[in-house]
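Undergrad: Contents are compact mmCIF, C-alpha atoms; file name structure_38.txt:
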```txt
# COMPACT_ATOMS: atom_id res chain seq x y z
CA LEU A 772 0.00 0.00 0.00
CA SER A 773 1.47 3.30 -1.11
CA MET A 774 1.59 5.94 1.59
CA THR A 775 3.44 9.10 2.54
CA HIS A 776 5.13 8.86 5.92
CA ILE A 777 5.86 11.92 8.09
CA THR A 778 8.44 11.31 10.83
CA ILE A 779 8.89 13.84 13.64
CA TYR A 780 12.23 13.87 15.48
CA LYS A 781 12.43 15.03 19.10
CA SER A 782 15.37 15.60 21.42
CA SER A 783 15.52 13.06 24.23
CA ALA A 784 17.09 15.65 26.51
CA THR A 785 14.63 18.53 26.04
CA ASN A 786 11.66 16.72 24.44
CA ARG A 787 11.59 19.48 21.80
CA THR A 788 11.00 18.91 18.11
CA VAL A 789 14.31 19.13 16.28
CA GLY A 790 13.39 17.94 12.77
CA PHE A 791 11.06 16.03 10.51
CA LYS A 792 11.17 13.75 7.48
CA SER A 793 8.64 13.39 4.67
CA ALA A 794 8.97 10.34 2.41
CA GLY A 795 6.87 8.06 0.23
CA HIS A 796 4.22 8.35 -2.47
CA ALA A 797 0.54 8.87 -1.62
CA GLY A 798 -0.61 6.57 -4.41
CA TYR A 799 -3.67 8.63 -5.31
CA ALA A 800 -2.49 8.97 -8.92
CA GLU A 801 0.62 8.54 -11.04
CA GLU A 802 3.75 10.39 -10.00
CA GLY A 803 3.66 13.90 -11.40
CA SER A 804 -0.14 14.03 -11.41
CA ASP A 805 -0.90 13.18 -7.78
CA ILE A 806 -2.61 16.17 -6.17
CA ILE A 807 -2.25 14.61 -2.71
CA CYS A 808 1.52 14.46 -3.12
CA SER A 809 1.46 18.02 -4.46
CA ALA A 810 -0.40 19.23 -1.38
CA ILE A 811 2.04 17.43 0.92
CA SER A 812 4.97 18.93 -0.99
CA VAL A 813 3.51 22.44 -0.62
CA LEU A 814 3.07 21.98 3.14
CA THR A 815 6.57 20.54 3.49
CA ILE A 816 8.25 23.34 1.55
CA ASN A 817 6.15 25.93 3.39
CA THR A 818 7.28 24.47 6.72
CA ILE A 819 10.95 24.54 5.70
CA ASN A 820 10.66 28.12 4.43
CA SER A 821 8.91 29.19 7.61
CA ILE A 822 11.60 27.63 9.80
CA GLU A 823 14.31 29.28 7.74
CA GLN A 824 12.68 32.70 7.72
CA PHE A 825 11.76 32.71 11.40
CA THR A 826 15.23 31.80 12.64
CA ASP A 827 17.51 34.68 13.68
CA ALA A 828 19.16 34.93 10.25
CA GLY A 829 15.83 34.70 8.45
CA ALA A 830 14.30 37.36 10.68
CA LEU A 831 17.30 39.58 9.96
CA VAL A 832 16.79 39.20 6.21
CA ILE A 833 13.05 39.88 6.50
CA MET A 834 13.52 43.07 8.52
CA ALA A 835 16.43 44.34 6.43
CA GLN A 836 14.66 43.72 3.12
CA THR A 837 11.30 45.07 4.29
CA LEU A 838 12.56 48.28 5.91
CA LEU A 839 15.05 48.92 3.12
CA ALA A 840 12.40 48.65 0.40
CA THR A 841 9.89 50.69 2.40
CA ASN A 842 12.25 53.55 3.17
CA ASN A 843 13.67 53.52 -0.35
CA TYR A 844 10.28 54.20 -1.92
CA ALA A 845 9.37 56.62 0.87
CA ASN A 846 12.44 58.73 0.04
CA ARG A 847 11.74 58.46 -3.67
CA TYR A 848 8.15 59.72 -3.42
CA GLY A 849 8.51 62.10 -0.48
CA TYR A 850 6.52 60.52 2.34
CA LYS A 851 7.52 59.46 5.84
CA VAL A 852 7.63 55.95 7.26
CA ASP A 853 7.39 54.95 10.93
CA ASN A 854 9.63 51.90 11.18
CA ASN A 855 8.07 50.84 14.48
CA ARG A 856 4.61 50.75 12.90
CA GLU A 857 5.99 48.80 9.95
CA VAL A 858 7.50 46.19 12.25
CA LEU A 859 4.23 45.97 14.25
CA ALA A 860 2.16 45.59 11.07
CA TYR A 861 4.31 42.77 9.69
CA SER A 862 4.37 41.08 13.11
CA LEU A 863 0.58 41.01 13.25
CA ALA A 864 0.40 39.85 9.64
CA ASN A 865 2.78 36.98 10.34
CA ILE A 866 0.80 35.97 13.43
CA ALA A 867 -2.32 35.76 11.26
CA SER A 868 -0.31 33.88 8.61
CA SER A 869 0.95 31.32 11.13
CA VAL A 870 -2.58 30.70 12.47
CA SER A 871 -3.97 30.18 8.97
CA GLY A 872 -1.05 28.03 7.76
CA SER A 873 0.19 30.53 5.17
CA CYS A 874 3.70 31.55 4.16
CA PRO A 875 5.76 34.09 6.15
CA LEU A 876 5.04 37.66 5.06
CA ASN A 877 7.42 40.49 4.34
CA GLY A 878 7.79 43.44 2.02
CA SER A 879 8.66 42.09 -1.42
CA VAL A 880 11.26 44.15 -3.24
CA SER A 881 10.47 42.40 -6.55
CA SER A 882 6.69 42.84 -6.33
CA THR A 883 7.02 46.45 -5.23
CA GLY A 884 9.49 47.18 -8.03
CA ILE A 885 7.21 45.70 -10.68
CA ALA A 886 4.21 47.57 -9.29
CA ASP A 887 6.19 50.81 -9.37
CA GLN A 888 7.24 50.25 -12.98
CA PHE A 889 3.61 49.92 -14.04
CA GLY A 890 2.45 52.91 -11.99
CA CYS A 891 0.34 51.00 -9.43
CA LYS A 892 -0.90 53.19 -6.59
CA SER A 893 -3.01 50.90 -4.38
CA GLN A 894 -3.35 47.38 -3.01
CA LEU A 895 -5.74 46.56 -5.85
CA MET A 896 -2.59 45.48 -7.68
CA SER A 897 -2.01 42.70 -5.11
CA VAL A 898 -5.60 41.50 -5.44
CA THR A 899 -5.35 41.46 -9.24
CA ALA A 900 -1.99 39.67 -9.13
CA SER A 901 -3.39 37.03 -6.76
CA ILE A 902 -6.37 36.32 -9.00
CA THR A 903 -4.11 36.16 -12.06
CA MET A 904 -1.75 33.75 -10.31
CA LEU A 905 -4.68 31.54 -9.30
CA VAL A 906 -5.90 31.40 -12.91
CA VAL A 907 -2.38 30.56 -14.12
CA VAL A 908 -1.99 27.78 -11.55
CA LEU A 909 -5.38 26.25 -12.36
CA PHE A 910 -5.42 26.54 -16.14
CA ALA A 911 -2.02 27.53 -17.57
CA THR A 912 0.27 25.04 -15.83
CA PRO A 913 0.24 22.54 -18.75
CA VAL A 914 1.56 25.29 -21.03
CA LEU A 915 4.25 26.51 -18.63
CA GLU A 916 5.67 23.05 -17.93
CA TYR A 917 7.12 22.89 -21.46
CA LEU A 918 8.97 26.18 -21.12
CA PRO A 919 12.68 25.73 -20.32
CA VAL A 920 13.79 27.12 -16.96
CA PRO A 921 16.14 29.69 -18.61
CA ILE A 922 13.14 31.23 -20.40
CA LEU A 923 11.21 31.57 -17.15
CA THR A 924 14.34 33.01 -15.52
CA GLY A 925 14.68 35.52 -18.36
CA ILE A 926 11.10 36.65 -17.85
CA VAL A 927 11.77 37.28 -14.16
CA VAL A 928 15.03 39.10 -14.87
CA ALA A 929 13.38 41.28 -17.53
CA ALA A 930 10.59 42.18 -15.11
CA LEU A 931 12.98 43.11 -12.29
CA ILE A 932 15.82 44.76 -14.19
CA GLY A 933 14.27 48.16 -13.55
CA ILE A 934 14.73 47.98 -9.77
CA VAL A 935 18.51 47.48 -9.91
CA GLU A 936 20.16 50.52 -8.29
CA TYR A 937 22.94 51.33 -10.76
CA LYS A 938 22.89 55.04 -9.88
CA LEU A 939 23.15 54.27 -6.17
CA ALA A 940 26.25 52.14 -6.74
CA ASP A 941 27.87 54.89 -8.82
CA LYS A 942 26.96 57.51 -6.20
CA LEU A 943 28.48 55.41 -3.42
CA ARG A 944 31.65 54.99 -5.47
CA LYS A 945 32.02 58.75 -5.77
CA VAL A 946 30.91 59.77 -2.28
CA ASN A 947 32.13 57.01 0.04
CA ARG A 948 34.48 54.27 -1.09
CA VAL A 949 34.01 52.28 2.13
CA GLU A 950 30.23 52.10 1.65
CA PHE A 951 30.81 51.16 -1.98
CA PHE A 952 33.01 48.21 -1.01
CA ILE A 953 30.40 47.08 1.54
CA PHE A 954 27.81 47.31 -1.24
CA LEU A 955 29.95 45.12 -3.50
CA ALA A 956 30.65 42.62 -0.72
CA ALA A 957 26.95 42.25 0.07
CA MET A 958 26.08 41.94 -3.61
CA PHE A 959 28.62 39.20 -4.31
CA GLY A 960 27.65 37.53 -1.03
CA VAL A 961 24.08 37.24 -2.28
CA LEU A 962 25.20 35.97 -5.69
CA LEU A 963 27.68 33.40 -4.34
CA PHE A 964 26.21 32.27 -1.03
CA GLY A 965 22.54 33.28 -1.03
CA THR A 966 20.38 36.09 0.29
CA ILE A 967 20.75 35.39 4.00
CA TYR A 968 24.55 35.23 3.90
CA GLY A 969 24.76 38.29 1.66
CA VAL A 970 22.70 40.37 4.08
CA ILE A 971 24.70 39.08 7.04
CA ILE A 972 27.96 40.04 5.28
CA GLY A 973 26.60 43.54 4.60
CA VAL A 974 25.39 44.01 8.20
CA ILE A 975 28.65 42.77 9.75
CA LEU A 976 30.81 44.96 7.49
CA SER A 977 28.56 47.95 8.22
CA PHE A 978 28.97 47.43 11.97
CA ILE A 979 32.74 47.16 11.54
CA ALA A 980 32.76 50.39 9.52
CA VAL A 981 30.74 52.17 12.22
CA ILE A 982 33.14 50.99 14.94
CA ILE A 983 36.21 52.05 12.95
CA ARG A 984 34.59 55.43 12.21
CA ALA A 985 33.89 55.93 15.93
CA VAL A 986 37.40 54.96 17.01
CA VAL A 987 39.14 56.86 14.20
CA PRO A 988 36.69 59.61 13.15
CA PRO A 989 37.35 62.13 10.38
CA ARG A 990 39.54 64.91 11.74
CA SER A 991 41.46 67.83 10.30
CA PHE A 992 43.34 71.04 11.03
CA LEU A 993 41.73 74.22 9.75
CA GLY A 994 42.97 77.50 8.34
CA CYS A 995 41.75 80.56 6.48
CA ILE A 996 41.77 81.42 2.78
CA PRO A 997 42.55 85.11 2.24
CA GLY A 998 39.46 86.94 1.01
CA HIS A 999 37.06 84.18 2.05
CA GLU A 1000 35.00 83.69 5.16
CA GLY A 1001 35.06 80.57 7.29
CA PHE A 1002 37.67 77.93 7.96
CA TYR A 1003 38.98 75.31 5.56
CA ASN A 1004 40.75 71.97 5.76
CA LEU A 1005 44.46 72.61 5.36
CA ASN A 1006 45.04 69.25 3.64
CA ARG A 1007 42.20 69.64 1.10
CA ASN A 1008 42.66 73.31 0.26
CA LYS A 1009 46.11 74.33 -0.94
CA ASN A 1010 45.19 78.02 -0.64
CA ALA A 1011 44.26 77.71 3.02
CA LEU A 1012 46.80 79.16 5.48
CA GLN A 1013 47.24 78.30 9.13
CA ILE A 1014 46.49 81.14 11.54
CA GLU A 1015 49.65 82.30 13.27
CA HIS A 1016 50.06 81.09 16.87
CA THR A 1017 46.63 79.43 16.66
CA LEU A 1018 45.66 75.81 16.24
CA LEU A 1019 42.20 75.01 14.88
CA TYR A 1020 41.38 71.33 15.13
CA ARG A 1021 38.15 69.67 14.01
CA PHE A 1022 37.35 66.28 15.54
CA SER A 1023 34.23 64.89 13.80
CA GLY A 1024 33.14 62.39 16.42
CA ASN A 1025 32.18 61.85 20.04
CA LEU A 1026 35.02 61.55 22.51
CA PHE A 1027 35.17 58.29 24.44
CA PHE A 1028 37.82 55.95 25.84
CA ALA A 1029 38.71 54.38 22.47
CA ASN A 1030 39.54 57.63 20.63
CA VAL A 1031 40.79 59.97 23.39
CA SER A 1032 44.40 58.98 22.70
CA THR A 1033 43.99 59.84 19.01
CA PHE A 1034 42.53 63.24 19.94
CA LEU A 1035 45.40 64.06 22.31
CA GLN A 1036 48.11 62.72 20.01
CA ASP A 1037 46.94 64.82 17.04
CA ILE A 1038 46.99 68.01 19.09
CA GLU A 1039 50.33 67.26 20.77
CA ASN A 1040 51.99 66.47 17.44
CA ALA A 1041 50.70 69.73 15.93
CA ILE A 1042 51.95 71.97 18.73
CA ASN A 1043 55.30 73.61 17.98
CA ASP A 1044 57.68 75.20 20.45
CA ASP A 1045 57.43 78.56 18.69
```
Here is the file; what I need is its structure written in the form of structure tokens.
TA:
Amino acid sequence: LSMTHITIYKSSATNRTVGFKSAGHAGYAEEGSDIICSAISVLTINTINSIEQFTDAGALVIMAQTLLATNNYANRYGYKVDNNREVLAYSLANIASSVSGSCPLNGSVSSTGIADQFGCKSQLMSVTASITMLVVVLFATPVLEYLPVPILTGIVVAALIGIVEYKLADKLRKVNRVEFFIFLAAMFGVLLFGTIYGVIIGVILSFIAVIIRAVVPPRSFLGCIPGHEGFYNLNRNKNALQIEHTLLYRFSGNLFFANVSTFLQDIENAINDD
């Protein structure tokens, strides 16, 4: 008798569920046409995705992707976003999703990008897309199964090519080389290791950059340019002159135990006997 077996594994020490195994064929119909097996496969994949997304790394990816996409479009179209309300809204949505047995919810960069390209302004787009997807699943699957995977991939790439931030990368390269290298590291991390690892690489490198910036903040000695008001960086402006018997020092950071020595050393090295 054909049957699908679900095995649940528990820890003998804590009596907590630590894994599961799904194996076997339901036998309702031939392989490839068995709707019972299809339903079991959907539930199994949904469970795995839920476990992955609700672990610490998965939660990090969800929050980073959701808040990044939300704030990106908020800045683009000139409206404000309350991140706390966004987190609360997605938390409640995921609670409802878990009760109803649905997939984990987050802000989709791809769906939002496509909607923006076509000028969608309301959630009616999501309703229309859901209905269209249902029709495709019910009636168009026999047609799609003969399409090679590269063709389907090309369709997705063509639809999402408009949301790639080429200008942002170029702007980072010109404004801040450190942020640009973090951008590249996160991008290649996603391409080589997957989304979760790419985001983790970006977050870790960003934290390291913040720590380095706090310990060794931007600092400079200032002078005056004849005929101009204000004070200018002596290293960046060749026409700037140091004020006689005066030392102007700009320390662009908060003083704390890790950078006090740098602050004192810069000033002591700049003081001359005359």
Undergrad: Could you tell me how far atom CA of A:Leu876 sits from atom CA of A:Met834, in Å to one decimal place?
TA: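 Rounded to one decimal, the two atoms are 10.6 Å apart.
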Undergrad: What gap, in Å, lies between atom CA of A:Ser881 and atom CA of A:Ala980?
TA: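 Atom-to-atom, atom CA of A:Ser881 and atom CA of A:Ala980 are spaced 28.6 Å apart.
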Undergrad: Interatomic distance between atom CA of A:Phe964 and atom CA of A:Val789?
TA: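 Separation between atom CA of A:Phe964 and atom CA of A:Val789: 24.8 Å.
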Undergrad: Any idea what's packed within 12 Å of stretch 998-1003 of chain A, counting all atoms listed in the file, ignoring anything in its chain fewer than 4 positions away? Could you give it as a list in words?
TA: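 So the residues in contact are Ser991, Phe992, Leu993, Gly994, Arg1007, Asn1008, Lys1009, Asn1010, Ala1011, Leu1012, Gln1013, Ile1014, Leu1018, Leu1019, Tyr1020 and Arg1021 of chain A.
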Undergrad: Which residues come within 10 Å of A:Pro989, counting only C-alpha atoms, excluding same-chain residues fewer than 3 positions away, as a list in words?
TA: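 Within the cut-off, the hits are Arg984, Ala985, Val986, Arg1021, Phe1022, Ser1023 and Gly1024 of chain A.
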Undergrad: Can you pull out the residues contacting stretch 927-942 of chain A? Cut-off 10 Å, using all atoms listed in the file, and skip same-chain residues under 3 positions away; I want them as a list in words.
TA: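 In the requested form, the answer reads Val880, Ser881, Ser882, Thr883, Gly884, Ile885, Asp887, Gln888, Pro921, Ile922, Leu923, Thr924, Lys945, Val946, Asn947, Arg948, Glu950, Phe951, Phe952, Phe954 and Leu955 of chain A.
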Undergrad: Please provide as a list of chain:residue names all residues within 8 Å of A:Asn865, with the sequence filter that same-chain residues fewer than 4 positions apart are discarded (counting all atoms listed in the file).
TA: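 Counting only the stated atoms, we get A:Tyr861, A:Ser869, A:Pro875, A:Leu876.
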Undergrad: Using the structure block above, produce a file of stretch 862-950 of chain A that contains C-alpha atoms, as a PDB file, in the first residue's frame.
TA:
```
ATOM      1  CA  SER A 862       4.375  41.084  13.106  1.00  0.00           C
ATOM      2  CA  LEU A 863       0.578  41.011  13.252  1.00  0.00           C
ATOM      3  CA  ALA A 864       0.401  39.854   9.636  1.00  0.00           C
ATOM      4  CA  ASN A 865       2.785  36.975  10.340  1.00  0.00           C
ATOM      5  CA  ILE A 866       0.803  35.971  13.430  1.00  0.00           C
ATOM      6  CA  ALA A 867      -2.322  35.761  11.263  1.00  0.00           C
ATOM      7  CA  SER A 868      -0.310  33.879   8.613  1.00  0.00           C
ATOM      8  CA  SER A 869       0.949  31.318  11.130  1.00  0.00           C
ATOM      9  CA  VAL A 870      -2.575  30.699  12.469  1.00  0.00           C
ATOM     10  CA  SER A 871      -3.975  30.177   8.966  1.00  0.00           C
ATOM     11  CA  GLY A 872      -1.051  28.035   7.761  1.00  0.00           C
ATOM     12  CA  SER A 873       0.186  30.527   5.169  1.00  0.00           C
ATOM     13  CA  CYS A 874       3.698  31.553   4.161  1.00  0.00           C
ATOM     14  CA  PRO A 875       5.755  34.091   6.154  1.00  0.00           C
ATOM     15  CA  LEU A 876       5.043  37.663   5.056  1.00  0.00           C
ATOM     16  CA  ASN A 877       7.424  40.485   4.342  1.00  0.00           C
ATOM     17  CA  GLY A 878       7.788  43.440   2.020  1.00  0.00           C
ATOM     18  CA  SER A 879       8.660  42.092  -1.419  1.00  0.00           C
ATOM     19  CA  VAL A 880      11.264  44.145  -3.244  1.00  0.00           C
ATOM     20  CA  SER A 881      10.471  42.401  -6.545  1.00  0.00           C
ATOM     21  CA  SER A 882       6.685  42.837  -6.334  1.00  0.00           C
ATOM     22  CA  THR A 883       7.024  46.452  -5.235  1.00  0.00           C
ATOM     23  CA  GLY A 884       9.488  47.177  -8.034  1.00  0.00           C
ATOM     24  CA  ILE A 885       7.209  45.695 -10.685  1.00  0.00           C
ATOM     25  CA  ALA A 886       4.208  47.574  -9.289  1.00  0.00           C
ATOM     26  CA  ASP A 887       6.188  50.814  -9.368  1.00  0.00           C
ATOM     27  CA  GLN A 888       7.241  50.251 -12.981  1.00  0.00           C
ATOM     28  CA  PHE A 889       3.605  49.922 -14.041  1.00  0.00           C
ATOM     29  CA  GLY A 890       2.450  52.912 -11.991  1.00  0.00           C
ATOM     30  CA  CYS A 891       0.343  51.005  -9.433  1.00  0.00           C
ATOM     31  CA  LYS A 892      -0.897  53.190  -6.585  1.00  0.00           C
ATOM     32  CA  SER A 893      -3.010  50.897  -4.376  1.00  0.00           C
ATOM     33  CA  GLN A 894      -3.348  47.379  -3.006  1.00  0.00           C
ATOM     34  CA  LEU A 895      -5.738  46.561  -5.850  1.00  0.00           C
ATOM     35  CA  MET A 896      -2.587  45.476  -7.680  1.00  0.00           C
ATOM     36  CA  SER A 897      -2.011  42.704  -5.112  1.00  0.00           C
ATOM     37  CA  VAL A 898      -5.605  41.504  -5.445  1.00  0.00           C
ATOM     38  CA  THR A 899      -5.350  41.462  -9.240  1.00  0.00           C
ATOM     39  CA  ALA A 900      -1.991  39.666  -9.130  1.00  0.00           C
ATOM     40  CA  SER A 901      -3.392  37.031  -6.757  1.00  0.00           C
ATOM     41  CA  ILE A 902      -6.366  36.323  -9.000  1.00  0.00           C
ATOM     42  CA  THR A 903      -4.110  36.162 -12.061  1.00  0.00           C
ATOM     43  CA  MET A 904      -1.747  33.754 -10.307  1.00  0.00           C
ATOM     44  CA  LEU A 905      -4.680  31.542  -9.299  1.00  0.00           C
ATOM     45  CA  VAL A 906      -5.895  31.401 -12.906  1.00  0.00           C
ATOM     46  CA  VAL A 907      -2.383  30.557 -14.122  1.00  0.00           C
ATOM     47  CA  VAL A 908      -1.986  27.778 -11.550  1.00  0.00           C
ATOM     48  CA  LEU A 909      -5.381  26.254 -12.362  1.00  0.00           C
ATOM     49  CA  PHE A 910      -5.419  26.540 -16.140  1.00  0.00           C
ATOM     50  CA  ALA A 911      -2.021  27.528 -17.572  1.00  0.00           C
ATOM     51  CA  THR A 912       0.267  25.042 -15.829  1.00  0.00           C
ATOM     52  CA  PRO A 913       0.243  22.544 -18.752  1.00  0.00           C
ATOM     53  CA  VAL A 914       1.560  25.289 -21.031  1.00  0.00           C
ATOM     54  CA  LEU A 915       4.248  26.514 -18.627  1.00  0.00           C
ATOM     55  CA  GLU A 916       5.667  23.048 -17.929  1.00  0.00           C
ATOM     56  CA  TYR A 917       7.121  22.891 -21.458  1.00  0.00           C
ATOM     57  CA  LEU A 918       8.972  26.182 -21.119  1.00  0.00           C
ATOM     58  CA  PRO A 919      12.677  25.734 -20.323  1.00  0.00           C
ATOM     59  CA  VAL A 920      13.786  27.119 -16.963  1.00  0.00           C
ATOM     60  CA  PRO A 921      16.143  29.695 -18.605  1.00  0.00           C
ATOM     61  CA  ILE A 922      13.136  31.235 -20.402  1.00  0.00           C
ATOM     62  CA  LEU A 923      11.210  31.573 -17.148  1.00  0.00           C
ATOM     63  CA  THR A 924      14.342  33.014 -15.517  1.00  0.00           C
ATOM     64  CA  GLY A 925      14.679  35.516 -18.365  1.00  0.00           C
ATOM     65  CA  ILE A 926      11.095  36.648 -17.850  1.00  0.00           C
ATOM     66  CA  VAL A 927      11.766  37.279 -14.161  1.00  0.00           C
ATOM     67  CA  VAL A 928      15.033  39.100 -14.874  1.00  0.00           C
ATOM     68  CA  ALA A 929      13.380  41.279 -17.534  1.00  0.00           C
ATOM     69  CA  ALA A 930      10.594  42.180 -15.107  1.00  0.00           C
ATOM     70  CA  LEU A 931      12.981  43.108 -12.286  1.00  0.00           C
ATOM     71  CA  ILE A 932      15.816  44.765 -14.190  1.00  0.00           C
ATOM     72  CA  GLY A 933      14.266  48.160 -13.545  1.00  0.00           C
ATOM     73  CA  ILE A 934      14.730  47.978  -9.771  1.00  0.00           C
ATOM     74  CA  VAL A 935      18.505  47.484  -9.907  1.00  0.00           C
ATOM     75  CA  GLU A 936      20.157  50.518  -8.289  1.00  0.00           C
ATOM     76  CA  TYR A 937      22.937  51.331 -10.764  1.00  0.00           C
ATOM     77  CA  LYS A 938      22.888  55.036  -9.878  1.00  0.00           C
ATOM     78  CA  LEU A 939      23.155  54.265  -6.169  1.00  0.00           C
ATOM     79  CA  ALA A 940      26.253  52.144  -6.738  1.00  0.00           C
ATOM     80  CA  ASP A 941      27.875  54.890  -8.817  1.00  0.00           C
ATOM     81  CA  LYS A 942      26.957  57.511  -6.205  1.00  0.00           C
ATOM     82  CA  LEU A 943      28.479  55.407  -3.424  1.00  0.00           C
ATOM     83  CA  ARG A 944      31.647  54.993  -5.469  1.00  0.00           C
ATOM     84  CA  LYS A 945      32.019  58.754  -5.775  1.00  0.00           C
ATOM     85  CA  VAL A 946      30.908  59.770  -2.278  1.00  0.00           C
ATOM     86  CA  ASN A 947      32.128  57.014   0.040  1.00  0.00           C
ATOM     87  CA  ARG A 948      34.478  54.271  -1.094  1.00  0.00           C
ATOM     88  CA  VAL A 949      34.010  52.284   2.131  1.00  0.00           C
ATOM     89  CA  GLU A 950      30.229  52.103   1.654  1.00  0.00           C
TER      90      GLU A 950
END
```
